[in-house]
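Asks: Once you've had a glance at the structure underneath, I'll fire off some questions.
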Amino acid sequence: MSKIEVKDLTKIFGSHPLQGMKLLEEGREKSEILKKTGMTVGVNKATFSVEEGEFFVIMGLSGSGKSTLIRLVNRLIEPTSGEILIDGENLTKMNTADLLNTRRKKLGMVFQNFGLLPHRTILSNVAYGLEIQGMKKEEREAKARKTLEDVGLKGYEASYPTELSGGMQQRVGIARALANDADILLMDEAFSALDPIIRKEMQNELISLQSKLGKTILFITHDLDEALKLGDRIAIMKDGAIVQMGSAEQILENPADNYVADFVRDVDRSKILEASHVMKRPEVVMTHKDGHRMAIRKMEEVGASSIFVVGKDDEFKGLLTIDDTIKAYKEDIPLKDILIQDVLSVPPTTPLSELIEIAVDSKYPITVVEDNKLLGIISRVSILSGLVLGKEVENDLETETSEVTSR
Amino acid sequence: MKYFELPIEDYTNNFVDNWLLPNTAGFFDKISDILRAFIEIVTSFLLFIPAEVLVVLIVLVAWKASGKGLALFALIGGFYIGAVDLWSESIQTVSIVIVSTIISVGIGIPVGILTALNKTADRIVRPILDFMQTLPSFVYLIPAILLFGLGSVPAIIATFVFATPPAVRMTSLGIRQAPEEVIEASKAFGSTKWQLLLKVQLPLAVPTIMAGVNQTMMLSLSMAVIASMIGAPGLGDTVLTGISTVNVGLGLTGGLAIVVLAIILDRITQSIGTKS
């Protein structure tokens, strides 16, 4: 059973929503309905489900209906039609008492501008959700204290919201949502009001928090980078409708339409692509046993001035340059004495943005190593082509000769 | 310009003499009695406290609420009122102000809450408030005398008409201007309507409501003075006597006492509002 299930959820703002509903059924466009009746289609037959422990991101530009959609999920806005199931229970058919109870026990919400109560202390803000459930003062404050500690705000219990920075206020907002022990967190542009550095920090913390607590998160954002970073799955909204849904890779690789493609085009690939996406298989690899002649001949074959050396099971040993190898051949020095081991290696999950910095300082191609195995190599050319062409480079891997030359 | 007869004067007199007074006199007399008793209790209580004690109390409150300056002013003001022998008149005026403020605020705040939360109530109340505020006070002073007789009771009624609108409007404004996200947050965590009102909307509206209370009080004071024309006792009466006997000195002493009261009441209620 899905944690959240949304079926054909529609919201039309205006005086006669049912009439608008009819026009929608007839397949009219949002703009057409607005022109004809003056009514706005907020959300147009959105259908999706979020599994337990999943991080589901809804992404869209302003006016795409994403903020309306998240408010429909806890009925802060009453839907015009459609269904919302929370743990299999139909929220749309609930009476007020059951609805309040579901909000109290199952749904925590975090807001873009924090939505903290300015007349209450931080502690009392975090305890608010428990207070309205009728929990005793000592009990709820103990719980709130504990939650504040979890989000790193110990010592600020007696402060007021205005005394805190934006990032800290949003931690309070998150703590308030966590204090209720709700399984589901609804986050409406939670980090959009924060400056970029704090934002990145909060994103990372949210990811680790989620993996620790296993919350189901429905996250709204207008920032595709944020969506790609956080989301297990992403839904992209346009004019109130979901136009594409899938993992970050699926969306990047196969944009459903021009609208999504336009988004994806602007993505900073350096943040999405990882070392494993742009690395090449080092074709010219010799085992440790091969001699000088073999090494020189292989370098000659591919026209490279250096070659990587691996042992048994692809175990990474080091790098030979052509000059050293010829010299060693003439003077009869064993190959293992001229191996250059001082080669930069990175794990396959390193983001491209970090590789760029490393590549600048590196004399030789960067090696991608996992469990001491050589998986591939990355030259500066492959970083650049990765930035420009995306992951197409990876597919062409077989045909290209390995890039072992260096300056 | 006279195209037809409109004997509105006769109609009104007829209505008042033959229907309104005979049928409702009992009801208005009841209200009159209750209000009179209320004012008398307040007045005699304030007069029962020795003037020195009351002045010290007011000075302390002024100090606590506003600071040294106002405390000093209250002390000097107290000496002034004592020196010109207007203590009991001042107490009578203050009693009318207190009673009418309590009534105006006691009715105004709940109505304000209602209009903030309910659009229909707002649509009904808004034109009534506009009417109350645009009507010149002399127009309703006369029916007030008719229904409640002379004295401090019609003064209270007239003051109620005059001073309630700001209490309603400011309460309504204070509640409606609470940030949308704060309201949403409170709802999202499962607040009932009452919890939302008592724990979020009202606390956030307190500064605005207090500004409304301050305005109501100041309007009450000005009306308490004007109401001397319909027989309300107090400082207004002193000024009125000064005017009618061409006694400029008496008018000035009464006028200064009113200014003293106005400044003390205004500053104290204002600082209560801004502090919360």
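Chain labels follow the order of the structure tokens: the first chain is A, the next B, and so on; residue numbering restarts at 1 in every chain, and ligands are counted from 1 in their shown order.
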Mind running chain B against chain A at 10 Å and telling me each contacting residue's nearest atom pair with the distance in Å (one decimal), counting only C-alpha atoms, chain and number ascending, as a Markdown table?
Replies:
```
| residue | atom | partner | partner_atom | distance |
| --- | --- | --- | --- | --- |
| B:Ala178 | CA | A:Leu117 | CA | 9.9 |
| B:Pro179 | CA | A:Gly115 | CA | 7.9 |
| B:Glu180 | CA | A:Gly115 | CA | 8.1 |
| B:Glu181 | CA | A:Gly115 | CA | 4.8 |
| B:Val182 | CA | A:Gly115 | CA | 4.3 |
| B:Ile183 | CA | A:Gly115 | CA | 7.8 |
| B:Glu184 | CA | A:Leu76 | CA | 7.1 |
| B:Ala185 | CA | A:Gly115 | CA | 5.8 |
| B:Ser186 | CA | A:Gly129 | CA | 8.0 |
| B:Lys187 | CA | A:Leu76 | CA | 7.2 |
| B:Ala188 | CA | A:Arg103 | CA | 6.1 |
| B:Phe189 | CA | A:Arg104 | CA | 5.2 |
| B:Gly190 | CA | A:Leu100 | CA | 4.5 |
| B:Ser191 | CA | A:Ile132 | CA | 6.1 |
| B:Thr192 | CA | A:Leu100 | CA | 7.4 |
| B:Gln195 | CA | A:Ile132 | CA | 7.1 |
| B:Leu196 | CA | A:Ile132 | CA | 9.4 |
| B:Lys199 | CA | A:Ile132 | CA | 9.2 |
| B:Val200 | CA | A:Leu117 | CA | 7.2 |
| B:Gln201 | CA | A:Leu117 | CA | 9.9 |
| B:Pro203 | CA | A:His119 | CA | 7.2 |
| B:Leu204 | CA | A:His119 | CA | 6.8 |
| B:Ser276 | CA | A:His119 | CA | 9.3 |
```
Asks: Quick one: residues within 10 Å of range 263-265 of chain B, only C-alpha atoms counted, chain neighbours fewer than 5 positions away excluded, as a compact mmCIF listing (two decimals) with N, CA and C atoms, in the first residue's frame?
Replies:
```txt
# COMPACT_ATOMS: atom_id res chain seq x y z
N ILE B 58 -1.87 55.97 40.10
CA ILE B 58 -1.78 56.34 38.68
C ILE B 58 -0.32 56.64 38.30
N VAL B 59 0.39 57.34 39.21
CA VAL B 59 1.80 57.64 38.93
C VAL B 59 2.58 56.34 38.75
N ALA B 62 1.68 54.74 35.46
CA ALA B 62 2.28 55.51 34.38
C ALA B 62 3.77 55.19 34.26
N SER B 66 4.86 53.49 30.91
CA SER B 66 5.49 54.38 29.94
C SER B 66 6.89 54.85 30.36
N LEU B 70 6.10 60.32 31.94
CA LEU B 70 4.65 60.29 32.13
C LEU B 70 4.30 60.26 33.62
N ALA B 71 5.12 59.55 34.42
CA ALA B 71 4.88 59.48 35.86
C ALA B 71 4.94 60.89 36.47
N PHE B 73 4.51 63.69 34.85
CA PHE B 73 3.37 64.44 34.33
C PHE B 73 2.11 64.14 35.12
N ALA B 74 1.91 62.83 35.42
CA ALA B 74 0.72 62.42 36.16
C ALA B 74 0.70 63.05 37.56
N GLY B 77 -0.08 66.69 37.15
CA GLY B 77 -1.49 66.76 36.78
C GLY B 77 -2.39 66.57 37.99
N VAL B 94 -13.99 60.48 34.27
CA VAL B 94 -13.24 59.23 34.11
C VAL B 94 -14.19 58.03 34.25
N VAL B 97 -15.96 57.57 31.06
CA VAL B 97 -15.01 57.02 30.08
C VAL B 97 -14.79 55.52 30.33
N ASN B 214 -7.28 51.90 22.59
CA ASN B 214 -6.78 53.25 22.85
C ASN B 214 -7.64 54.29 22.14
N MET B 217 -11.02 54.64 23.77
CA MET B 217 -10.95 55.38 25.03
C MET B 217 -10.86 56.89 24.77
N MET B 218 -10.05 57.26 23.79
CA MET B 218 -9.90 58.69 23.51
C MET B 218 -11.20 59.28 22.96
N LEU B 221 -13.58 59.81 25.78
CA LEU B 221 -13.29 61.01 26.55
C LEU B 221 -13.87 62.24 25.86
N ILE B 258 -9.13 68.44 31.39
CA ILE B 258 -9.43 67.44 30.36
C ILE B 258 -8.16 67.02 29.63
N GLN B 270 -1.58 53.38 25.16
CA GLN B 270 -0.69 53.20 24.01
C GLN B 270 0.50 52.31 24.33
```
Asks: Give the alpha helix (DSSP H) residues of range 76-313 of chain A, as DSSP finds them on the backbone, and put them as number ranges by chain.
Replies: A: 96-105, 122-126, 128-131, 137-150, 166-179, 196-213, 224-230, 248-253, 258-265, 269-272, 275-278, 292-302
Asks: Have a look at B:Ile98, B:Leu47, B:Leu57, B:Leu147 and name the one nearest to Asn23 in chain B; count only C-alpha atoms.
Replies: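 Going through B:Ile98, B:Leu47, B:Leu57, B:Leu147 one by one, the smallest distance to Asn23 in chain B is for B:Leu147.
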Asks: Choose the residue, out of A:Gly303, A:Gly82, A:Gly376, A:Gly152, that has the smallest atom-to-atom separation from Gly167 in chain A; count only C-alpha atoms.
Replies: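 Ranking A:Gly303, A:Gly82, A:Gly376, A:Gly152 by distance to Gly167 in chain A, first place goes to A:Gly152.
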Asks: Would you pick out the contacts of Gln215 in chain B at 10 Å or less, using only C-alpha atoms, so that residues sharing its chain but fewer than 2 positions from it are not included, and give the list as a list of chain:residue names?
Replies: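 In the requested form, the answer reads B:Thr101, B:Ala163, B:Thr164, B:Pro165, B:Pro166, B:Ala167, B:Met170, B:Ile209, B:Met210, B:Ala211, B:Gly212, B:Val213, B:Met217, B:Met218, B:Leu219, B:Ser220, B:Leu221, B:Asp266, B:Thr269, B:Gln270.
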Asks: Which one is closest to Ala205 in chain B: B:Lys193, B:Gly254, B:Leu35, B:Gly273? Count only C-alpha atoms.
Replies: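 Once distances to Ala205 in chain B are computed over only C-alpha atoms, the minimum belongs to B:Gly273.
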Asks: Could you tell me, as a list in words, which residues of range 113-239 of chain A DSSP assigns to strand (DSSP E) when given the backbone?
Replies: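 Assigned to strand (DSSP E), within range 113-239 of chain A: Ile184, Leu185, Leu186, Met187, Asp188, Thr216, Ile217, Leu218, Phe219, Ile220, Thr221, Arg233, Ile234, Ala235, Ile236, Met237 and Lys238 of chain A.
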Asks: Any chance you can output those residues with C-alpha atoms as a short mmCIF file (atom, residue, chain, number, x, y, z; two decimals), in the first residue's frame?
Replies:
```cif
data_model
loop_
_atom_site.label_atom_id
_atom_site.label_comp_id
_atom_site.auth_asym_id
_atom_site.auth_seq_id
_atom_site.Cartn_x
_atom_site.Cartn_y
_atom_site.Cartn_z
CA ILE A 184 4.80 12.03 6.14
CA LEU A 185 6.50 15.37 5.70
CA LEU A 186 4.96 17.85 3.29
CA MET A 187 7.58 20.42 2.38
CA ASP A 188 6.47 23.45 0.41
CA THR A 216 8.04 9.75 3.52
CA ILE A 217 8.68 13.15 2.03
CA LEU A 218 6.66 15.11 -0.49
CA PHE A 219 8.84 18.03 -1.47
CA ILE A 220 7.88 20.99 -3.63
CA THR A 221 10.48 23.06 -5.43
CA ARG A 233 11.38 10.30 -8.01
CA ILE A 234 10.42 13.61 -9.54
CA ALA A 235 7.16 14.82 -10.99
CA ILE A 236 7.29 17.84 -13.25
CA MET A 237 4.21 20.08 -13.33
CA LYS A 238 3.02 22.50 -15.96
#
```
Asks: Which polymer residues have any atom within 7 Å of an atom of range 291-302 of chain A, counting only C-alpha atoms, with same-chain residues fewer than 6 positions away left out, as a list in words?
Replies: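 Selected residues are Val284, Ile322, Thr325, Tyr329 and Leu335 of chain A.
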Asks: Limited to C-alpha atoms, could you put the picked residues into a file as a compact mmCIF listing (two decimals), in the first residue's frame?
Replies:
```txt
# COMPACT_ATOMS: atom_id res chain seq x y z
CA VAL A 284 45.72 0.09 -22.75
CA ILE A 322 57.01 6.14 -22.37
CA THR A 325 59.95 2.83 -19.85
CA TYR A 329 64.59 -0.85 -20.89
CA LEU A 335 59.29 -1.89 -14.38
```
Asks: Report as a list in words all protein, DNA and RNA residues lying within 12 Å of Val111 in chain B, evaluated on only C-alpha atoms, omitting residues in the same chain fewer than 5 positions from it.
Replies: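 Counting only the stated atoms, we get Ser104, Val105, Gly106, Ala116, Leu117, Asn118, Ala121, Asp122, Ile124, Val125, Arg126, Ile128, Leu129, Thr164, Pro165, Pro166, Ala167, Val168, Arg169, Met170, Thr171, Ser172, Leu173 and Ile175 of chain B.
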Asks: Pick out the closest residue to Phe28 in chain B from this set: B:Ile145, B:Ala232, B:Ile272, B:Val225. Count only C-alpha atoms.
Replies: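 Smallest distance to Phe28 in chain B is found for B:Ile145.
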Asks: In Å, how far is it from CA of Ser247 in chain A to CA of Phe56 in chain A?
Replies: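 It comes out at 9.5 Å.
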Asks: Find the residues around Asp237 in chain B up to 9 Å (only C-alpha atoms counted), leave out those fewer than 5 positions away in its own chain, and share them as a PDB file with N, CA and C atoms, in the first residue's frame.
Replies:
```pdb
ATOM      1  N   GLU B  89     -15.211  66.258  39.723  1.00  0.00           N
ATOM      2  CA  GLU B  89     -15.614  66.357  38.318  1.00  0.00           C
ATOM      3  C   GLU B  89     -14.752  65.437  37.443  1.00  0.00           C
ATOM      4  N   VAL B 225     -17.099  64.689  27.209  1.00  0.00           N
ATOM      5  CA  VAL B 225     -17.085  66.144  27.356  1.00  0.00           C
ATOM      6  C   VAL B 225     -18.266  66.766  26.624  1.00  0.00           C
ATOM      7  N   ILE B 226     -18.455  66.338  25.347  1.00  0.00           N
ATOM      8  CA  ILE B 226     -19.568  66.891  24.560  1.00  0.00           C
ATOM      9  C   ILE B 226     -20.914  66.579  25.235  1.00  0.00           C
ATOM     10  N   ALA B 227     -20.995  65.386  25.846  1.00  0.00           N
ATOM     11  CA  ALA B 227     -22.256  64.924  26.416  1.00  0.00           C
ATOM     12  C   ALA B 227     -22.705  65.768  27.603  1.00  0.00           C
ATOM     13  N   SER B 228     -21.846  66.697  28.030  1.00  0.00           N
ATOM     14  CA  SER B 228     -22.277  67.593  29.104  1.00  0.00           C
ATOM     15  C   SER B 228     -23.508  68.380  28.656  1.00  0.00           C
ATOM     16  N   MET B 229     -23.650  68.528  27.324  1.00  0.00           N
ATOM     17  CA  MET B 229     -24.808  69.253  26.794  1.00  0.00           C
ATOM     18  C   MET B 229     -26.110  68.512  27.040  1.00  0.00           C
ATOM     19  N   GLY B 231     -26.511  66.848  29.796  1.00  0.00           N
ATOM     20  CA  GLY B 231     -26.601  66.707  31.234  1.00  0.00           C
ATOM     21  C   GLY B 231     -25.633  65.753  31.876  1.00  0.00           C
ATOM     22  N   ALA B 232     -24.608  65.334  31.129  1.00  0.00           N
ATOM     23  CA  ALA B 232     -23.616  64.459  31.750  1.00  0.00           C
ATOM     24  C   ALA B 232     -22.766  65.280  32.704  1.00  0.00           C
ATOM     25  N   GLY B 242     -18.600  77.432  32.119  1.00  0.00           N
ATOM     26  CA  GLY B 242     -17.677  78.527  31.801  1.00  0.00           C
ATOM     27  C   GLY B 242     -18.104  79.246  30.545  1.00  0.00           C
ATOM     28  N   GLY B 254     -11.171  73.963  33.481  1.00  0.00           N
ATOM     29  CA  GLY B 254     -11.790  72.681  33.112  1.00  0.00           C
ATOM     30  C   GLY B 254     -11.097  72.078  31.905  1.00  0.00           C
TER      31      GLY B 254
END
```
